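Student: Below you'll find model-v4.cif; it's mmCIF, C-alpha atoms.
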data_structure
#
loop_
_atom_site.label_atom_id
_atom_site.label_comp_id
_atom_site.auth_asym_id
_atom_site.auth_seq_id
_atom_site.Cartn_x
_atom_site.Cartn_y
_atom_site.Cartn_z
CA MET G 1 -25.08 10.45 -22.51
CA HIS G 2 -28.65 10.98 -21.43
CA PRO G 3 -28.72 14.19 -19.34
CA HIS G 4 -32.54 14.39 -19.22
CA LEU G 5 -34.47 11.37 -18.01
CA TRP G 6 -37.94 12.63 -18.93
CA THR G 7 -40.09 15.76 -18.99
CA ILE G 8 -43.13 16.22 -16.74
CA PRO G 9 -46.15 16.70 -19.03
CA GLY G 10 -48.15 19.89 -18.73
CA ILE G 11 -45.49 22.01 -17.06
CA ASN G 12 -42.71 20.89 -19.43
CA PHE G 13 -40.28 20.47 -16.51
CA PRO G 14 -37.22 18.29 -17.29
CA ILE G 15 -36.09 15.64 -14.81
CA ARG G 16 -32.31 15.55 -14.97
CA THR G 17 -30.72 12.10 -14.90
CA TRP G 18 -27.90 13.21 -12.59
CA GLY G 19 -30.32 14.59 -10.00
CA PHE G 20 -32.58 11.56 -10.20
CA ILE G 21 -29.71 9.11 -9.70
CA VAL G 22 -28.26 11.13 -6.82
CA GLY G 23 -31.66 11.26 -5.12
CA LEU G 24 -32.17 7.52 -5.62
CA SER G 25 -28.68 6.77 -4.27
CA PHE G 26 -29.39 8.67 -1.06
CA VAL G 27 -32.68 6.80 -0.58
CA ILE G 28 -30.82 3.50 -0.89
CA ALA G 29 -28.06 4.73 1.43
CA LEU G 30 -30.63 5.82 4.01
CA PHE G 31 -32.36 2.42 3.89
CA ILE G 32 -29.06 0.60 4.48
CA ALA G 33 -27.97 3.01 7.23
CA ARG G 34 -31.28 2.72 9.12
CA ARG G 35 -31.19 -1.06 8.91
CA ARG G 36 -27.66 -1.16 10.32
CA ALA G 37 -28.66 1.24 13.06
CA ARG G 38 -31.48 -1.07 14.16
CA LEU G 39 -29.21 -4.13 14.11
CA THR G 40 -26.55 -2.45 16.26
CA GLY G 41 -28.78 -0.71 18.79
CA LEU G 42 -28.52 2.80 17.33
CA ASP G 43 -31.51 5.11 16.82
CA PRO G 44 -32.80 4.86 13.20
CA SER G 45 -34.44 8.29 13.43
CA VAL G 46 -31.08 9.84 14.30
CA MET G 47 -29.63 8.04 11.29
CA THR G 48 -32.36 9.56 9.11
CA ASN G 49 -31.55 13.05 10.37
CA LEU G 50 -27.86 12.38 9.99
CA THR G 51 -28.25 11.24 6.38
CA LEU G 52 -30.47 14.16 5.38
CA ILE G 53 -28.17 16.71 7.02
CA GLY G 54 -25.16 15.10 5.38
CA MET G 55 -26.94 15.09 2.02
CA ILE G 56 -27.85 18.77 2.29
CA GLY G 57 -24.30 19.60 3.32
CA GLY G 58 -22.98 17.60 0.39
CA LEU G 59 -25.30 19.29 -2.11
CA ILE G 60 -24.18 22.69 -0.84
CA GLY G 61 -20.50 21.82 -0.41
CA GLY G 62 -19.97 20.57 -3.97
CA PRO G 63 -21.05 23.78 -5.77
CA LEU G 64 -19.56 25.94 -2.99
CA MET G 65 -16.11 24.44 -3.41
CA TYR G 66 -16.42 24.75 -7.19
CA PHE G 67 -17.20 28.45 -6.73
CA ILE G 68 -14.24 28.94 -4.38
CA HIS G 69 -11.99 27.13 -6.86
CA TYR G 70 -13.23 28.57 -10.17
CA LYS G 71 -15.12 31.71 -9.05
CA ASN G 72 -18.36 30.63 -10.73
CA PHE G 73 -21.26 28.26 -10.09
CA GLY G 74 -20.84 26.25 -13.29
CA GLY G 75 -20.27 22.86 -11.64
CA ARG G 76 -19.52 20.99 -8.44
CA GLU G 77 -16.52 19.44 -6.66
CA VAL G 78 -17.46 16.11 -5.07
CA ILE G 79 -14.72 16.31 -2.45
CA GLY G 80 -16.19 19.63 -1.28
CA GLY G 81 -19.53 17.90 -0.81
CA VAL G 82 -17.85 15.10 1.15
CA VAL G 83 -16.07 17.52 3.49
CA LEU G 84 -19.10 19.74 4.18
CA GLY G 85 -21.48 16.76 4.33
CA VAL G 86 -19.39 14.90 6.91
CA GLY G 87 -18.71 18.14 8.76
CA SER G 88 -22.45 18.88 8.98
CA ALA G 89 -23.10 15.34 10.25
CA LEU G 90 -20.39 15.75 12.90
CA GLY G 91 -21.94 19.00 14.05
CA TYR G 92 -25.38 17.39 14.35
CA LEU G 93 -24.04 14.45 16.38
CA TRP G 94 -22.03 16.74 18.64
CA ILE G 95 -25.00 19.04 19.33
CA THR G 96 -27.34 16.12 20.06
CA LYS G 97 -24.66 14.43 22.21
CA ARG G 98 -24.68 11.18 20.25
CA SER G 99 -21.78 8.78 19.77
CA ILE G 100 -20.01 10.33 16.78
CA LEU G 101 -17.84 7.31 16.00
CA ALA G 102 -20.68 4.77 16.35
CA TYR G 103 -23.03 6.61 14.00
CA LEU G 104 -20.35 7.49 11.44
CA ASP G 105 -19.26 3.86 11.31
CA ALA G 106 -22.81 2.91 10.32
CA ALA G 107 -23.36 5.83 7.93
CA ILE G 108 -20.10 6.00 5.98
CA PRO G 109 -20.31 2.72 3.97
CA PRO G 110 -23.80 3.60 2.58
CA LEU G 111 -22.52 7.11 1.85
CA ILE G 112 -19.64 5.65 -0.16
CA LEU G 113 -22.14 3.53 -2.11
CA ALA G 114 -24.26 6.63 -2.82
CA MET G 115 -21.20 8.45 -4.12
CA GLY G 116 -20.44 5.53 -6.42
CA MET G 117 -23.98 5.52 -7.80
CA GLY G 118 -23.68 9.27 -8.32
CA ARG G 119 -20.88 8.58 -10.80
CA LEU G 120 -23.45 6.92 -13.06
CA GLY G 121 -25.22 10.27 -13.09
CA CYS G 122 -21.92 11.90 -14.05
CA LEU G 123 -21.65 9.47 -16.97
CA MET G 124 -25.15 10.35 -18.17
CA PHE G 125 -24.42 14.08 -17.88
CA GLY G 126 -20.99 13.79 -19.49
CA CYS G 127 -18.81 15.29 -16.75
CA CYS G 128 -15.83 13.82 -14.84
CA TRP G 129 -14.42 12.23 -18.01
CA GLY G 130 -11.22 10.23 -18.28
CA GLY G 131 -8.05 10.81 -20.29
CA MET G 132 -7.43 9.90 -23.91
CA CYS G 133 -7.69 6.20 -24.71
CA GLN G 134 -7.07 5.93 -28.44
CA THR G 135 -4.31 4.98 -30.88
CA GLU G 136 -2.47 7.36 -33.21
CA THR G 137 -4.89 6.37 -35.98
CA GLY G 138 -7.90 7.41 -33.90
CA GLU G 139 -9.04 3.90 -32.95
CA ARG G 140 -9.97 2.99 -29.40
CA ALA G 141 -6.99 1.68 -27.43
CA LEU G 142 -9.16 -0.42 -25.09
CA SER G 143 -12.39 -2.21 -25.93
CA TRP G 144 -14.25 -0.40 -23.15
CA ALA G 145 -13.12 3.12 -24.15
CA ILE G 146 -16.02 5.49 -24.80
CA GLN G 147 -16.84 8.62 -26.79
CA PHE G 148 -19.17 11.48 -25.92
CA PRO G 149 -21.47 13.13 -28.47
CA TYR G 150 -21.62 16.60 -29.99
CA PHE G 151 -21.82 19.53 -27.55
CA SER G 152 -21.10 17.38 -24.51
CA PRO G 153 -18.79 19.02 -21.94
CA LEU G 154 -15.86 16.96 -23.22
CA TYR G 155 -16.67 17.82 -26.87
CA ILE G 156 -16.51 21.54 -26.03
CA ASP G 157 -13.33 21.00 -23.99
CA ASP G 158 -11.72 19.14 -26.92
CA TRP G 159 -12.61 22.02 -29.24
CA GLU G 160 -11.35 24.74 -26.88
CA ASP G 161 -8.03 22.94 -26.31
CA GLY G 162 -7.53 22.08 -29.98
CA ARG G 163 -7.85 18.32 -29.50
CA GLY G 164 -10.89 18.07 -31.74
CA LYS G 165 -11.93 19.72 -35.00
CA ILE G 166 -15.52 20.84 -35.58
CA PRO G 167 -16.94 21.31 -39.10
CA GLU G 168 -17.05 25.01 -39.94
CA SER G 169 -20.76 24.80 -40.72
CA LEU G 170 -21.44 23.96 -37.06
CA ILE G 171 -19.67 27.09 -35.81
CA TRP G 172 -21.84 30.19 -35.48
CA LYS G 173 -21.69 33.61 -33.87
CA SER G 174 -23.51 33.20 -30.57
CA PRO G 175 -26.18 35.84 -29.92
CA GLU G 176 -25.19 35.73 -26.23
CA SER G 177 -21.40 35.75 -26.14
CA LYS G 178 -21.02 37.39 -29.57
CA LYS G 179 -18.19 34.93 -30.20
CA LYS G 180 -17.79 32.12 -32.66
CA GLU G 181 -18.56 28.80 -30.99
CA PRO G 182 -20.33 25.47 -31.67
CA ILE G 183 -24.08 25.74 -32.17
CA PRO G 184 -25.84 24.40 -29.03
CA LEU G 185 -27.62 21.11 -29.58
CA PRO G 186 -31.04 22.42 -28.40
CA ILE G 187 -30.83 25.10 -31.12
CA LEU G 188 -29.94 22.50 -33.74
CA SER G 189 -32.98 20.53 -32.61
CA ILE G 190 -35.38 23.29 -33.71
CA ASP G 191 -37.23 21.52 -36.48
CA ASP G 192 -39.08 24.36 -38.22
CA ILE G 193 -36.21 26.71 -39.14
CA ASP G 194 -36.19 25.40 -42.72
CA SER G 195 -39.93 25.94 -43.18
CA ASP G 196 -40.08 29.37 -41.51
CA GLU G 197 -40.09 31.50 -44.67
CA ALA G 198 -41.12 34.66 -42.80
CA LEU G 199 -38.06 34.42 -40.59
CA LYS G 200 -35.74 33.76 -43.52
CA ASN G 201 -37.22 36.70 -45.47
CA TYR G 202 -36.72 38.95 -42.44
CA VAL G 203 -33.08 37.92 -42.05
CA SER G 204 -32.45 38.31 -45.79
CA ALA G 205 -34.05 41.77 -45.79
CA ALA G 206 -32.02 42.79 -42.71
CA PHE G 207 -28.82 41.59 -44.36
CA ALA G 208 -29.58 43.51 -47.60
CA PHE G 209 -30.44 46.64 -45.62
CA ASN G 210 -27.18 46.52 -43.68
CA GLN G 211 -25.24 46.10 -46.91
CA ALA G 212 -27.01 49.06 -48.55
CA ARG G 213 -26.60 51.36 -45.52
CA THR G 214 -22.94 51.93 -46.33
CA GLY G 215 -23.88 53.97 -49.41
CA ASP G 216 -25.66 57.25 -50.11
CA LEU G 217 -28.68 57.69 -47.83
CA LYS G 218 -30.76 58.93 -50.80
CA ASN G 219 -29.83 55.94 -52.93
CA GLN G 220 -32.85 54.19 -54.39
CA LYS G 221 -31.38 50.78 -53.54
CA LEU G 222 -31.06 51.78 -49.90
CA GLN G 223 -34.59 53.08 -49.75
CA SER G 224 -35.96 49.88 -51.28
CA ALA G 225 -33.93 47.78 -48.88
CA SER G 226 -35.13 49.87 -45.95
CA LYS G 227 -38.78 49.44 -46.94
CA ALA G 228 -38.35 45.69 -47.48
CA TYR G 229 -36.70 45.36 -44.08
CA ALA G 230 -39.46 47.37 -42.36
CA ASP G 231 -42.18 45.28 -44.04
CA ALA G 232 -40.43 42.01 -43.13
CA LYS G 233 -39.98 43.11 -39.53
CA LYS G 234 -43.63 44.16 -39.28
CA SER G 235 -44.88 40.85 -40.68
CA ILE G 236 -42.78 38.68 -38.39
CA GLY G 237 -43.23 40.54 -35.08
CA PRO G 238 -41.02 39.71 -32.06
CA VAL G 239 -38.41 37.05 -32.86
CA ASN G 240 -36.35 34.82 -30.57
CA LYS G 241 -32.68 35.83 -30.77
CA PHE G 242 -31.54 32.23 -31.12
CA ARG G 243 -33.94 31.53 -33.98
CA GLU G 244 -32.83 34.75 -35.65
CA ALA G 245 -29.15 33.80 -35.20
CA ALA G 246 -29.92 30.37 -36.67
CA ALA G 247 -31.51 31.94 -39.76
CA VAL G 248 -28.57 34.34 -40.12
CA HIS G 249 -26.14 31.42 -39.95
CA LEU G 250 -28.13 29.51 -42.57
CA LEU G 251 -28.15 32.55 -44.86
CA LYS G 252 -24.37 32.88 -44.65
CA LEU G 253 -23.90 29.17 -45.38
CA ASN G 254 -26.13 29.31 -48.44
CA ALA G 255 -24.16 32.28 -49.76
CA LYS G 256 -21.05 30.08 -50.10
CA PRO G 257 -20.75 27.71 -53.10
CA GLU G 258 -19.41 24.84 -50.95
CA THR G 259 -22.35 25.01 -48.52
CA ALA G 260 -25.12 26.25 -50.81
CA GLN G 261 -28.58 24.76 -50.22
CA THR G 262 -27.61 23.57 -46.74
CA THR G 263 -30.65 23.15 -44.51
CA TRP G 264 -30.97 23.32 -40.73
CA HIS G 265 -31.88 19.64 -40.82
CA ASP G 266 -28.55 18.93 -42.56
CA LEU G 267 -26.69 20.64 -39.73
CA HIS G 268 -28.61 18.63 -37.14
CA GLU G 269 -27.76 15.38 -38.92
CA LEU G 270 -24.12 16.44 -39.21
CA ALA G 271 -23.97 17.11 -35.47
CA LYS G 272 -25.25 13.60 -34.76
CA LYS G 273 -22.14 12.19 -36.45
CA GLN G 274 -19.73 14.21 -34.30
CA HIS G 275 -18.00 12.62 -31.32
CA THR G 276 -15.12 13.27 -28.95
CA ASN G 277 -11.86 11.36 -28.94
CA TRP G 278 -11.93 7.94 -27.26
CA VAL G 279 -11.47 8.32 -23.50
CA HIS G 280 -11.35 6.16 -20.38
CA PRO G 281 -14.79 5.70 -18.76
CA ALA G 282 -13.52 7.19 -15.49
CA GLN G 283 -17.07 7.45 -14.15
CA LEU G 284 -17.53 3.68 -14.44
CA TYR G 285 -14.12 3.04 -12.92
CA ASP G 286 -15.10 5.13 -9.91
CA PHE G 287 -18.52 3.47 -9.65
CA ILE G 288 -16.89 0.03 -9.52
CA ALA G 289 -14.17 1.15 -7.10
CA LEU G 290 -16.59 2.82 -4.68
CA THR G 291 -18.97 -0.14 -4.79
CA LEU G 292 -16.08 -2.43 -3.84
CA LEU G 293 -15.06 0.03 -1.12
CA PHE G 294 -18.62 -0.09 0.24
CA MET G 295 -18.31 -3.88 0.49
CA VAL G 296 -14.91 -3.69 2.20
CA LEU G 297 -16.07 -1.09 4.72
CA SER G 298 -19.24 -3.09 5.37
CA ALA G 299 -17.13 -6.14 6.17
CA ILE G 300 -15.04 -4.02 8.54
CA PHE G 301 -18.22 -2.64 10.11
CA TRP G 302 -19.50 -6.06 11.10
CA ARG G 303 -16.08 -7.15 12.40
CA ARG G 304 -14.79 -3.95 14.02
CA TYR G 305 -13.46 -4.19 17.56
CA ARG G 306 -14.14 -0.57 18.46
CA HIS G 307 -16.16 2.42 17.27
CA GLY G 308 -14.35 4.55 14.71
CA THR G 309 -12.66 1.66 12.91
CA VAL G 310 -14.77 2.09 9.76
CA LEU G 311 -14.21 5.84 9.79
CA VAL G 312 -10.44 5.44 10.02
CA TRP G 313 -10.22 2.93 7.17
CA ALA G 314 -12.51 5.08 5.02
CA MET G 315 -10.15 8.03 5.63
CA ILE G 316 -7.27 5.86 4.39
CA ILE G 317 -8.78 3.91 1.48
CA TYR G 318 -11.09 6.53 -0.07
CA PRO G 319 -8.28 9.10 -0.60
CA ILE G 320 -6.17 6.41 -2.32
CA ASN G 321 -9.03 5.75 -4.73
CA ARG G 322 -9.74 9.45 -5.35
CA VAL G 323 -6.09 10.36 -5.92
CA THR G 324 -5.81 7.49 -8.42
CA MET G 325 -9.00 8.53 -10.22
CA GLU G 326 -7.77 12.11 -10.49
CA PHE G 327 -4.74 10.85 -12.41
CA ILE G 328 -7.07 9.01 -14.83
CA ARG G 329 -9.40 11.99 -15.22
CA THR G 330 -8.40 15.08 -17.21
CA ASP G 331 -11.27 17.44 -16.38
CA ASN G 332 -9.63 19.10 -13.37
CA PRO G 333 -6.61 21.44 -13.55
CA ARG G 334 -3.39 20.31 -11.86
CA GLU G 335 -2.53 23.49 -9.99
CA PHE G 336 -0.51 22.21 -7.03
CA GLY G 337 2.75 20.69 -8.25
CA GLY G 338 0.98 18.46 -10.76
CA LEU G 339 -1.85 17.62 -8.36
CA THR G 340 -5.49 18.72 -8.40
CA ILE G 341 -7.13 20.43 -5.44
CA SER G 342 -9.08 17.22 -4.73
CA GLN G 343 -5.84 15.24 -4.56
CA VAL G 344 -4.32 17.72 -2.11
CA ILE G 345 -7.38 17.53 0.17
CA CYS G 346 -7.44 13.73 -0.04
CA LEU G 347 -3.76 13.48 0.84
CA ALA G 348 -4.47 15.55 3.96
CA ILE G 349 -7.38 13.23 4.86
CA PHE G 350 -5.13 10.21 4.23
CA VAL G 351 -2.42 11.50 6.60
CA LEU G 352 -5.05 12.26 9.25
CA GLY G 353 -6.43 8.73 8.83
CA LEU G 354 -2.97 7.23 9.35
CA ILE G 355 -2.59 9.25 12.55
CA PHE G 356 -5.94 7.99 13.83
CA LEU G 357 -5.02 4.42 12.88
CA ALA G 358 -1.73 4.68 14.77
CA SER G 359 -3.58 5.93 17.84
CA PHE G 360 -5.97 2.97 17.57
CA ILE G 361 -3.07 0.54 17.42
CA ILE G 362 -1.28 2.15 20.37
CA ARG G 363 -4.38 2.39 22.53
CA LYS G 364 -5.94 -0.88 23.59
CA PRO G 365 -9.67 -1.53 23.01
CA ARG G 366 -11.76 -0.27 25.90
CA SER G 367 -13.52 -3.57 26.55
CA ALA G 368 -15.40 -6.38 24.92
CA SER G 369 -18.52 -4.22 25.17
CA ALA G 370 -17.10 -2.05 22.40
CA HIS G 371 -17.49 -4.90 19.93
CA ALA G 372 -19.26 -4.07 16.67
CA ARG G 373 -22.54 -5.63 17.69
CA SER G 374 -22.91 -3.36 20.69
CA ASN G 375 -23.85 0.32 20.53
#
Would you mind writing the file's structure down as structure tokens?
Tutor:
Amino acid sequence: MHPHLWTIPGINFPIRTWGFIVGLSFVIALFIARRRARLTGLDPSVMTNLTLIGMIGGLIGGPLMYFIHYKNFGGREVIGGVVLGVGSALGYLWITKRSILAYLDAAIPPLILAMGMGRLGCLMFGCCWGGMCQTETGERALSWAIQFPYFSPLYIDDWEDGRGKIPESLIWKSPESKKKEPIPLPILSIDDIDSDEALKNYVSAAFAFNQARTGDLKNQKLQSASKAYADAKKSIGPVNKFREAAAVHLLKLNAKPETAQTTWHDLHELAKKQHTNWVHPAQLYDFIALTLLFMVLSAIFWRRYRHGTVLVWAMIIYPINRVTMEFIRTDNPREFGGLTISQVICLAIFVLGLIFLASFIIRKPRSASAHARSN
């Protein structure tokens, strides 16, 4: 995993690997689509507009479908991006009175390639993972099985579903959710918690004050604890809630004999040794499959006998690949008779593709002028 590619100096803005790869994939797809447009007599500028509109539709459709499905904006559904992206492209071609089938034939193979490259971004982010691929002894079952590191989406999913065990010292009470959960990796990466004596004194004084508050309000111990807490709070000023929660967690660990003298650095090093179970690299499987599909559809494009041939075969082959991948992946719930929502949508696309293919077979080609090298 490498979710952040780099950070822009000065403004400290992170460039996310997923976004960078997706952007790069669309640039490559646009280059290929424009070149094919020129070679087949289509308008490259229309292809540019088509690609950008489809990309915008895809970027909106993915999160939108995720929201419809899960009622939150915490992710994206690729199939939703495909449906809205293609739908937006169809609308643009219809409004501008262009040949829908001719332009889609040229645009779909590069789009498939872009989707495949996007899976490399998924791998770097840690989403869209595959199912378990390990033996009963915890060894990898296949030489190409992979693990994801601490606090990756799969690591959290393993912990929530009881498939993975996290050391107790890495579980804290979150200052946001107020629940016990794994300490986020960015918090563990804070490197000055151990040396921040003012913060630790403040937390210790606050803890002592809370303990003493249960007694008599005129008790000398309570008054001393109250003064110590007030002085510590005054000396430290405003404190970040995550840093405070980190110091509280460290204090509690040091109060136990088995974790006494534990440092924040120790916790960070411990987290580095944590990994998920071995899983199938579903993202790489999909990248390879979609790259091969791009090649197959490209071959069909240059040999098609009528417009729409590439579109029809994409509607048949892509759903087969996606349905298969959904069986390998375990990140999506199977809510429809053992199928995911993406599989249900793809099966509908597959049936529609078969209907279109049957109509192509029944209807004879219009003429030799409809050959692939004409427009």
Student: G:Ala314, G:Ala348, G:Leu188, G:Met132: which is nearest G:Trp172, counting all atoms listed in the file?
Tutor: G:Leu188
Student: Given the file shown, enumerate the residues that the PyMOL selection byres ((chain G and resi 288-305) around 6) captures and present them as a ChimeraX atom specification.
Tutor: /G:109,112-113,116,285-287,306,310,371-372
Student: Please write as a compact mmCIF listing (two decimals) with C-alpha atoms, in the coordinates of the input the full residue list that the PyMOL selection byres ((chain G and resi 26) around 12) yields on this file.
Tutor:
# COMPACT_ATOMS: atom_id res chain seq x y z
CA GLY G 19 -30.32 14.59 -10.00
CA PHE G 20 -32.58 11.56 -10.20
CA ILE G 21 -29.71 9.11 -9.70
CA VAL G 22 -28.26 11.13 -6.82
CA GLY G 23 -31.66 11.26 -5.12
CA LEU G 24 -32.17 7.52 -5.62
CA SER G 25 -28.68 6.77 -4.27
CA VAL G 27 -32.68 6.80 -0.58
CA ILE G 28 -30.82 3.50 -0.89
CA ALA G 29 -28.06 4.73 1.43
CA LEU G 30 -30.63 5.82 4.01
CA PHE G 31 -32.36 2.42 3.89
CA ILE G 32 -29.06 0.60 4.48
CA ALA G 33 -27.97 3.01 7.23
CA ARG G 34 -31.28 2.72 9.12
CA THR G 48 -32.36 9.56 9.11
CA LEU G 50 -27.86 12.38 9.99
CA THR G 51 -28.25 11.24 6.38
CA LEU G 52 -30.47 14.16 5.38
CA ILE G 53 -28.17 16.71 7.02
CA GLY G 54 -25.16 15.10 5.38
CA MET G 55 -26.94 15.09 2.02
CA ILE G 56 -27.85 18.77 2.29
CA GLY G 58 -22.98 17.60 0.39
CA LEU G 59 -25.30 19.29 -2.11
CA ALA G 107 -23.36 5.83 7.93
CA ILE G 108 -20.10 6.00 5.98
CA PRO G 109 -20.31 2.72 3.97
CA PRO G 110 -23.80 3.60 2.58
CA LEU G 111 -22.52 7.11 1.85
CA ILE G 112 -19.64 5.65 -0.16
CA LEU G 113 -22.14 3.53 -2.11
CA ALA G 114 -24.26 6.63 -2.82
CA MET G 115 -21.20 8.45 -4.12
CA GLY G 116 -20.44 5.53 -6.42
CA MET G 117 -23.98 5.52 -7.80
CA GLY G 118 -23.68 9.27 -8.32
Student: Need the shell around G:Pro14: protein/DNA/RNA residues with any atom at most 9 Å away, counting all atoms listed in the file. Skip same-chain ones fewer than 5 positions apart. Format as a JSON list (two decimals) with C-alpha atoms, keeping the file's coordinate frame?
Tutor:
[["chain", "number", "residue", "atom", "x", "y", "z"],
["G", 4, "HIS", "CA", -32.54, 14.39, -19.22],
["G", 5, "LEU", "CA", -34.47, 11.37, -18.01],
["G", 6, "TRP", "CA", -37.94, 12.63, -18.93],
["G", 7, "THR", "CA", -40.09, 15.76, -18.99],
["G", 8, "ILE", "CA", -43.13, 16.22, -16.74]]
Student: Any idea what the distance is between atom CA of G:Arg163 and atom CA of G:Pro3?
Tutor: 23.6 Å
Student: Please list as a list in words every residue within 12 Å of stretch 335-342 of chain G, counting all atoms listed in the file and excluding residues in the same chain fewer than 6 positions away.
Tutor: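 Near stretch 335-342 of chain G, the qualifying residues are Gly62, Met65, Tyr66, Ile68, His69, Tyr70, Arg76, Glu77, Val78, Ile79, Gly80, Gly81, Val82, Val83, Tyr318, Pro319, Ile320, Asn321, Arg322, Val323, Thr324, Met325, Glu326, Phe327, Ile328, Arg329, Ala348 and Ile349 of chain G.
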Student: Write out as an MDAnalysis selection string the residues lying within 12 Å of G:Asp161, counting all atoms listed in the file and excluding same-chain residues fewer than 6 positions away.
Tutor: chainID G and resid 154:155 331
Student: Which neighbours of stretch 236-248 of chain G fall inside 12 Å, counting all atoms listed in the file, when residues of the same chain fewer than 5 positions from it are skipped, and could you give them as a ChimeraX atom specification?
Tutor: /G:169-178,180,182-208,229-231,253-255,262-265,267-268
Student: Do you have the atom CA of G:Trp144-atom CA of G:Arg119 distance handy?
Tutor: 16.6 Å
Student: Closest to G:Thr17 among G:Gln261, G:Gly164, G:Leu311, G:Cys122, using only C-alpha atoms?
Tutor: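 Checking each of G:Gln261, G:Gly164, G:Leu311, G:Cys122 against G:Thr17, counting only C-alpha atoms, the winner is G:Cys122.
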Student: Rank nothing, just name the residue among G:Leu284, G:Cys127, G:Leu93, G:Ile166 nearest to G:Phe148, using only C-alpha atoms.
Tutor: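 That would be G:Cys127, the residue with the smallest distance to G:Phe148.
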Student: By how many Å are atom CA of G:Gly57 and atom CA of G:Ser88 apart?
Tutor: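 Separating atom CA of G:Gly57 from atom CA of G:Ser88 is a distance of 6.0 Å.
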Student: Hey, can I get the axis-aligned box for stretch 355-364 of chain G? All listed atoms, 4 Å padding on each side, centre and edge lengths in Å to one decimal, as JSON.
Tutor:
{"center_x": -3.6, "center_y": 4.2, "center_z": 18.1, "size_x": 12.7, "size_y": 18.1, "size_z": 19.0}
